[in-house]
file query.cif (mmCIF, C-alpha atoms)
data_entry
loop_
_atom_site.group_PDB
_atom_site.id
_atom_site.type_symbol
_atom_site.label_atom_id
_atom_site.label_comp_id
_atom_site.auth_asym_id
_atom_site.auth_seq_id
_atom_site.Cartn_x
_atom_site.Cartn_y
_atom_site.Cartn_z
ATOM 1 C CA MET A 13 32.182 14.676 31.382
ATOM 2 C CA LYS A 14 30.116 17.743 30.449
ATOM 3 C CA GLU A 15 30.429 16.821 26.770
ATOM 4 C CA ALA A 16 29.079 13.349 27.434
ATOM 5 C CA ILE A 17 26.076 14.761 29.315
ATOM 6 C CA VAL A 18 25.344 17.270 26.535
ATOM 7 C CA LEU A 19 25.589 14.571 23.861
ATOM 8 C CA LEU A 20 23.357 12.249 25.893
ATOM 9 C CA ALA A 21 20.798 15.036 26.396
ATOM 10 C CA LEU A 22 20.785 15.869 22.679
ATOM 11 C CA GLY A 23 20.395 12.197 21.802
ATOM 12 C CA LEU A 24 17.423 11.843 24.165
ATOM 13 C CA PHE A 25 15.881 15.060 22.828
ATOM 14 C CA PHE A 26 16.015 13.934 19.208
ATOM 15 C CA THR A 27 14.784 10.460 20.106
ATOM 16 C CA ALA A 28 11.843 11.870 22.050
ATOM 17 C CA CYS A 29 10.908 14.305 19.286
ATOM 18 C CA GLY A 30 11.104 11.761 16.481
ATOM 19 C CA GLY A 31 9.226 8.578 15.719
ATOM 20 C CA ASN A 32 5.512 7.885 15.749
ATOM 21 C CA ALA A 33 5.282 9.769 12.461
ATOM 22 C CA PRO A 34 2.486 8.644 10.158
ATOM 23 C CA GLU A 35 3.544 6.843 7.027
ATOM 24 C CA GLN A 36 4.212 8.998 3.975
ATOM 25 C CA SER A 37 1.408 9.119 1.451
ATOM 26 C CA SER A 38 1.820 8.899 -2.300
ATOM 27 C CA THR A 39 2.255 12.701 -2.359
ATOM 28 C CA ALA A 40 5.558 12.476 -0.481
ATOM 29 C CA GLY A 41 7.261 14.816 -2.960
ATOM 30 C CA ALA A 42 4.606 17.532 -2.664
ATOM 31 C CA LYS A 43 5.251 20.433 -0.319
ATOM 32 C CA PRO A 44 2.777 20.945 2.500
ATOM 33 C CA LYS A 45 0.424 23.841 1.904
ATOM 34 C CA SER A 46 2.137 25.863 4.642
ATOM 35 C CA MET A 47 5.424 25.757 2.683
ATOM 36 C CA VAL A 48 3.965 26.913 -0.623
ATOM 37 C CA ALA A 49 4.286 30.638 -1.277
ATOM 38 C CA ASP A 50 0.993 32.421 -0.895
ATOM 39 C CA THR A 51 1.855 34.972 -3.568
ATOM 40 C CA PRO A 52 0.246 34.767 -7.000
ATOM 41 C CA GLU A 53 2.262 33.548 -9.959
ATOM 42 C CA ASP A 54 4.512 36.229 -11.379
ATOM 43 C CA ASP A 55 2.898 37.822 -14.428
ATOM 44 C CA GLY A 56 5.659 40.383 -14.929
ATOM 45 C CA THR A 57 3.703 43.320 -13.488
ATOM 46 C CA GLY A 58 5.412 43.241 -10.107
ATOM 47 C CA TYR A 59 3.802 43.716 -6.722
ATOM 48 C CA GLY A 60 1.904 46.876 -5.919
ATOM 49 C CA LYS A 61 -1.216 48.832 -6.678
ATOM 50 C CA ILE A 62 -0.512 49.305 -10.396
ATOM 51 C CA LYS A 63 -2.270 46.517 -12.300
ATOM 52 C CA HIS A 64 -2.721 48.188 -15.706
ATOM 53 C CA VAL A 65 -1.169 51.167 -17.496
ATOM 54 C CA ASP A 66 -2.677 52.867 -20.545
ATOM 55 C CA LEU A 67 0.256 53.946 -22.708
ATOM 56 C CA ASN A 68 0.264 57.013 -24.934
ATOM 57 C CA ASP A 69 1.093 56.591 -28.601
ATOM 58 C CA PRO A 70 2.619 58.981 -29.460
ATOM 59 C CA LEU A 71 4.047 60.123 -26.121
ATOM 60 C CA ASP A 72 2.594 63.118 -24.285
ATOM 61 C CA PRO A 73 5.245 65.905 -24.409
ATOM 62 C CA ALA A 74 4.120 67.450 -21.092
ATOM 63 C CA MET A 75 4.437 64.094 -19.330
ATOM 64 C CA VAL A 76 7.860 63.494 -20.905
ATOM 65 C CA GLU A 77 9.035 66.907 -19.682
ATOM 66 C CA ALA A 78 7.644 66.329 -16.176
ATOM 67 C CA GLY A 79 9.247 62.877 -16.065
ATOM 68 C CA LYS A 80 12.582 64.326 -17.156
ATOM 69 C CA GLY A 81 12.431 66.828 -14.299
ATOM 70 C CA ILE A 82 11.696 64.085 -11.773
ATOM 71 C CA TYR A 83 14.516 61.967 -13.225
ATOM 72 C CA GLU A 84 16.982 64.859 -12.909
ATOM 73 C CA MET A 85 15.914 65.613 -9.329
ATOM 74 C CA LYS A 86 15.413 62.136 -7.853
ATOM 75 C CA CYS A 87 16.891 59.474 -10.147
ATOM 76 C CA ALA A 88 19.963 60.775 -12.000
ATOM 77 C CA ALA A 89 22.329 60.298 -9.055
ATOM 78 C CA CYS A 90 21.909 56.502 -9.302
ATOM 79 C CA HIS A 91 20.670 55.825 -12.862
ATOM 80 C CA LYS A 92 22.200 56.793 -16.219
ATOM 81 C CA LEU A 93 20.068 57.154 -19.347
ATOM 82 C CA THR A 94 22.419 54.719 -21.081
ATOM 83 C CA GLU A 95 22.905 51.015 -20.341
ATOM 84 C CA GLN A 96 25.702 51.908 -17.907
ATOM 85 C CA ARG A 97 25.133 50.947 -14.289
ATOM 86 C CA VAL A 98 26.090 53.524 -11.660
ATOM 87 C CA VAL A 99 24.489 52.590 -8.341
ATOM 88 C CA GLY A 100 21.357 51.278 -10.014
ATOM 89 C CA PRO A 101 20.960 49.869 -13.524
ATOM 90 C CA GLY A 102 20.995 52.126 -16.574
ATOM 91 C CA TRP A 103 17.608 53.013 -18.049
ATOM 92 C CA LYS A 104 18.317 52.405 -21.747
ATOM 93 C CA GLY A 105 16.031 49.607 -22.954
ATOM 94 C CA ILE A 106 14.117 49.274 -19.672
ATOM 95 C CA THR A 107 10.753 49.654 -21.435
ATOM 96 C CA GLU A 108 11.665 46.734 -23.692
ATOM 97 C CA ARG A 109 12.735 44.494 -20.792
ATOM 98 C CA ARG A 110 9.974 45.239 -18.247
ATOM 99 C CA LYS A 111 6.230 45.766 -18.352
ATOM 100 C CA PRO A 112 5.050 49.321 -17.628
ATOM 101 C CA GLU A 113 3.191 48.103 -14.523
ATOM 102 C CA TRP A 114 6.420 46.587 -13.159
ATOM 103 C CA ILE A 115 8.305 49.846 -13.731
ATOM 104 C CA MET A 116 5.627 51.933 -12.006
ATOM 105 C CA ASN A 117 5.321 49.522 -9.076
ATOM 106 C CA MET A 118 9.110 49.638 -8.632
ATOM 107 C CA THR A 119 9.192 53.439 -8.694
ATOM 108 C CA ILE A 120 6.199 53.862 -6.358
ATOM 109 C CA ASP A 121 7.036 51.177 -3.763
ATOM 110 C CA PRO A 122 10.541 49.748 -4.167
ATOM 111 C CA ASP A 123 10.446 48.217 -0.667
ATOM 112 C CA ALA A 124 7.510 45.923 -1.492
ATOM 113 C CA MET A 125 9.024 45.054 -4.864
ATOM 114 C CA LEU A 126 12.413 44.198 -3.338
ATOM 115 C CA GLU A 127 10.672 42.032 -0.766
ATOM 116 C CA LYS A 128 8.310 40.141 -3.099
ATOM 117 C CA ASP A 129 9.376 40.423 -6.743
ATOM 118 C CA PRO A 130 11.984 37.909 -7.973
ATOM 119 C CA ILE A 131 13.285 40.225 -10.716
ATOM 120 C CA ALA A 132 13.731 43.105 -8.265
ATOM 121 C CA ARG A 133 15.531 40.779 -5.834
ATOM 122 C CA ASP A 134 17.869 39.627 -8.619
ATOM 123 C CA LEU A 135 18.637 43.256 -9.475
ATOM 124 C CA LEU A 136 19.420 43.910 -5.809
ATOM 125 C CA LYS A 137 21.925 41.033 -5.866
ATOM 126 C CA GLN A 138 23.628 42.647 -8.882
ATOM 127 C CA CYS A 139 23.579 46.243 -7.647
ATOM 128 C CA LEU A 140 24.022 45.519 -3.912
ATOM 129 C CA VAL A 141 22.169 48.704 -2.920
ATOM 130 C CA ARG A 142 18.446 48.941 -2.167
ATOM 131 C CA MET A 143 16.601 51.522 -4.222
ATOM 132 C CA PRO A 144 15.368 54.158 -1.761
ATOM 133 C CA ASN A 145 11.708 55.086 -1.742
ATOM 134 C CA GLN A 146 11.478 58.500 -3.430
ATOM 135 C CA ASN A 147 7.833 58.915 -2.377
ATOM 136 C CA LEU A 148 6.623 59.327 -5.941
ATOM 137 C CA SER A 149 2.913 59.731 -6.485
ATOM 138 C CA GLU A 150 1.164 57.600 -9.079
ATOM 139 C CA LYS A 151 1.170 60.625 -11.420
ATOM 140 C CA ASP A 152 4.905 61.208 -10.864
ATOM 141 C CA ALA A 153 5.630 57.543 -11.577
ATOM 142 C CA ARG A 154 3.533 57.715 -14.750
ATOM 143 C CA ASP A 155 5.455 60.808 -15.895
ATOM 144 C CA VAL A 156 8.764 59.038 -15.234
ATOM 145 C CA LEU A 157 7.511 56.050 -17.233
ATOM 146 C CA GLU A 158 6.639 58.351 -20.153
ATOM 147 C CA PHE A 159 10.171 59.782 -19.979
ATOM 148 C CA MET A 160 11.610 56.241 -19.975
ATOM 149 C CA TYR A 161 9.717 55.468 -23.200
ATOM 150 C CA PHE A 162 11.077 58.722 -24.678
ATOM 151 C CA ASN A 163 14.593 57.703 -23.614
ATOM 152 C CA ASP A 164 14.075 54.410 -25.455
ATOM 153 C CA GLY A 165 13.235 56.252 -28.688
ATOM 154 C CA LYS A 166 9.444 56.213 -28.759
ATOM 155 C CA PRO A 167 8.074 59.253 -30.686
ATOM 156 C CA VAL A 168 6.573 62.280 -28.947
ATOM 157 C CA ALA A 169 3.386 63.973 -30.159
ATOM 158 C CA GLU A 170 3.616 67.369 -31.857
ATOM 159 C CA LYS A 171 2.777 70.270 -29.546
#
call {"tool": "encode", "arguments": {"input": "query.cif", "output": "structure tokens"}}
result
Amino acid sequence: MKEAIVLLALGLFFTACGGNAPEQSSTAGAKPKSMVADTPEDDGTGYGKIKHVDLNDPLDPAMVEAGKGIYEMKCAACHKLTEQRVVGPGWKGITERRKPEWIMNMTIDPDAMLEKDPIARDLLKQCLVRMPNQNLSEKDARDVLEFMYFNDGKPVAEK
């Protein structure tokens, strides 16, 4: 008996909430504005405060050295300098696969990137572990980026 009452109540609920809908317009396939993502189209730079990076050619040896130190202290436990994945993906070739702005945004604010960036979300699906925020400054992130370019074989300036 209870089942019959519940089914009757659900039927009345759906009947009362439906109907009287206006006819569909010719844009029936278009999503309402409220369902469209309000994020800009992905330009490969990621989401964060870094919009442009001036790269050094050749690399700055002091920045490479500083970036290496940061890598050894904060990154090496999860990232190898080869293509091998440990916890996170290996760094070899990263500067060829991602824009420098994307790399810096990911190192400065991984939480925002994992929330908004489709590439970062795909990497999370592969690695299954969120990259922790290492609280890198913009300068630290730039030094790490310089070290990544060094790791990928870009030449360093003479001292």
call {"tool": "atom_distance", "arguments": {"input": "query.cif", "atom1": "CA of Pro122 in chain A", "atom2": "CA of Arg142 in chain A"}}
result
8.2 Å
call {"tool": "closest_residue", "arguments": {"input": "query.cif", "among": "A:Leu71, A:Leu148, A:Lys111, A:His64", "to": "Met85 in chain A", "atoms": "all atoms listed in the file"}}
result
A:Leu148
call {"tool": "resolve_selection", "arguments": {"input": "query.cif", "expression": "the PyMOL selection byres ((chain A and resi 156) around 7)", "output": "VMD selection string"}}
result
chain A and resid 79 to 80 82 to 83 152 to 155 157 to 160
call {"tool": "atom_distance", "arguments": {"input": "query.cif", "atom1": "CA of Gly56 in chain A", "atom2": "CA of Pro70 in chain A"}}
result
23.8 Å
call {"tool": "closest_residue", "arguments": {"input": "query.cif", "among": "A:Ala88, A:Glu113, A:Leu126, A:Val76", "to": "Gly100 in chain A", "atoms": "all atoms listed in the file"}}
result
A:Ala88
call {"tool": "atom_distance", "arguments": {"input": "query.cif", "atom1": "CA of Gln96 in chain A", "atom2": "CA of Cys139 in chain A"}}
result
11.9 Å
call {"tool": "residues_around", "arguments": {"input": "query.cif", "residues": "Asn68 in chain A", "least_positions_apart": "3", "cutoff": "10 Å", "atoms": "all atoms listed in the file", "output": "PyMOL selection string"}}
result
chain A and resi 65+71-72+75+158+161+166-169
call {"tool": "closest_residue", "arguments": {"input": "query.cif", "among": "A:Asp121, A:Glu170, A:Glu84, A:Asp129", "to": "Lys61 in chain A", "atoms": "only C-alpha atoms"}}
result
A:Asp121
call {"tool": "resolve_selection", "arguments": {"input": "query.cif", "expression": "the PyMOL selection byres ((chain A and resi 59) around 10)", "output": "list of chain:residue names"}}
result
A:Thr51, A:Pro52, A:Asp54, A:Asp55, A:Gly56, A:Thr57, A:Gly58, A:Gly60, A:Lys61, A:Ile62, A:Lys63, A:Glu113, A:Trp114, A:Met116, A:Asn117, A:Met118, A:Asp121, A:Pro122, A:Ala124, A:Met125, A:Leu126, A:Glu127, A:Lys128, A:Asp129
call {"tool": "write_last_selection", "arguments": {"input": "query.cif", "atoms": "C-alpha atoms", "output": "PDB file, keeping the file's coordinate frame"}}
result
ATOM      1  CA  THR A  51       1.855  34.972  -3.568  1.00  0.00           C
ATOM      2  CA  PRO A  52       0.246  34.767  -7.000  1.00  0.00           C
ATOM      3  CA  ASP A  54       4.512  36.229 -11.379  1.00  0.00           C
ATOM      4  CA  ASP A  55       2.898  37.822 -14.428  1.00  0.00           C
ATOM      5  CA  GLY A  56       5.659  40.383 -14.929  1.00  0.00           C
ATOM      6  CA  THR A  57       3.703  43.320 -13.488  1.00  0.00           C
ATOM      7  CA  GLY A  58       5.412  43.241 -10.107  1.00  0.00           C
ATOM      8  CA  GLY A  60       1.904  46.876  -5.919  1.00  0.00           C
ATOM      9  CA  LYS A  61      -1.216  48.832  -6.678  1.00  0.00           C
ATOM     10  CA  ILE A  62      -0.512  49.305 -10.396  1.00  0.00           C
ATOM     11  CA  LYS A  63      -2.270  46.517 -12.300  1.00  0.00           C
ATOM     12  CA  GLU A 113       3.191  48.103 -14.523  1.00  0.00           C
ATOM     13  CA  TRP A 114       6.420  46.587 -13.159  1.00  0.00           C
ATOM     14  CA  MET A 116       5.627  51.933 -12.006  1.00  0.00           C
ATOM     15  CA  ASN A 117       5.321  49.522  -9.076  1.00  0.00           C
ATOM     16  CA  MET A 118       9.110  49.638  -8.632  1.00  0.00           C
ATOM     17  CA  ASP A 121       7.036  51.177  -3.763  1.00  0.00           C
ATOM     18  CA  PRO A 122      10.541  49.748  -4.167  1.00  0.00           C
ATOM     19  CA  ALA A 124       7.510  45.923  -1.492  1.00  0.00           C
ATOM     20  CA  MET A 125       9.024  45.054  -4.864  1.00  0.00           C
ATOM     21  CA  LEU A 126      12.413  44.198  -3.338  1.00  0.00           C
ATOM     22  CA  GLU A 127      10.672  42.032  -0.766  1.00  0.00           C
ATOM     23  CA  LYS A 128       8.310  40.141  -3.099  1.00  0.00           C
ATOM     24  CA  ASP A 129       9.376  40.423  -6.743  1.00  0.00           C
TER      25      ASP A 129
END
call {"tool": "residues_around", "arguments": {"input": "query.cif", "residues": "Val99 in chain A", "least_positions_apart": "6", "cutoff": "9 Å", "atoms": "all atoms listed in the file", "output": "MDAnalysis selection string"}}
result
chainID A and resid 89:91 139:141 143
call {"tool": "residues_around", "arguments": {"input": "query.cif", "residues": "range 104-109 of chain A", "least_positions_apart": "4", "cutoff": "8 Å", "atoms": "only C-alpha atoms", "output": "tab-separated table (two decimals) with C-alpha atoms, keeping the file's coordinate frame"}}
result
chain	number	residue	atom	x	y	z
A	93	LEU	CA	20.07	57.15	-19.35
A	94	THR	CA	22.42	54.72	-21.08
A	95	GLU	CA	22.90	51.02	-20.34
A	160	MET	CA	11.61	56.24	-19.98
A	161	TYR	CA	9.72	55.47	-23.20
A	163	ASN	CA	14.59	57.70	-23.61
A	164	ASP	CA	14.08	54.41	-25.46
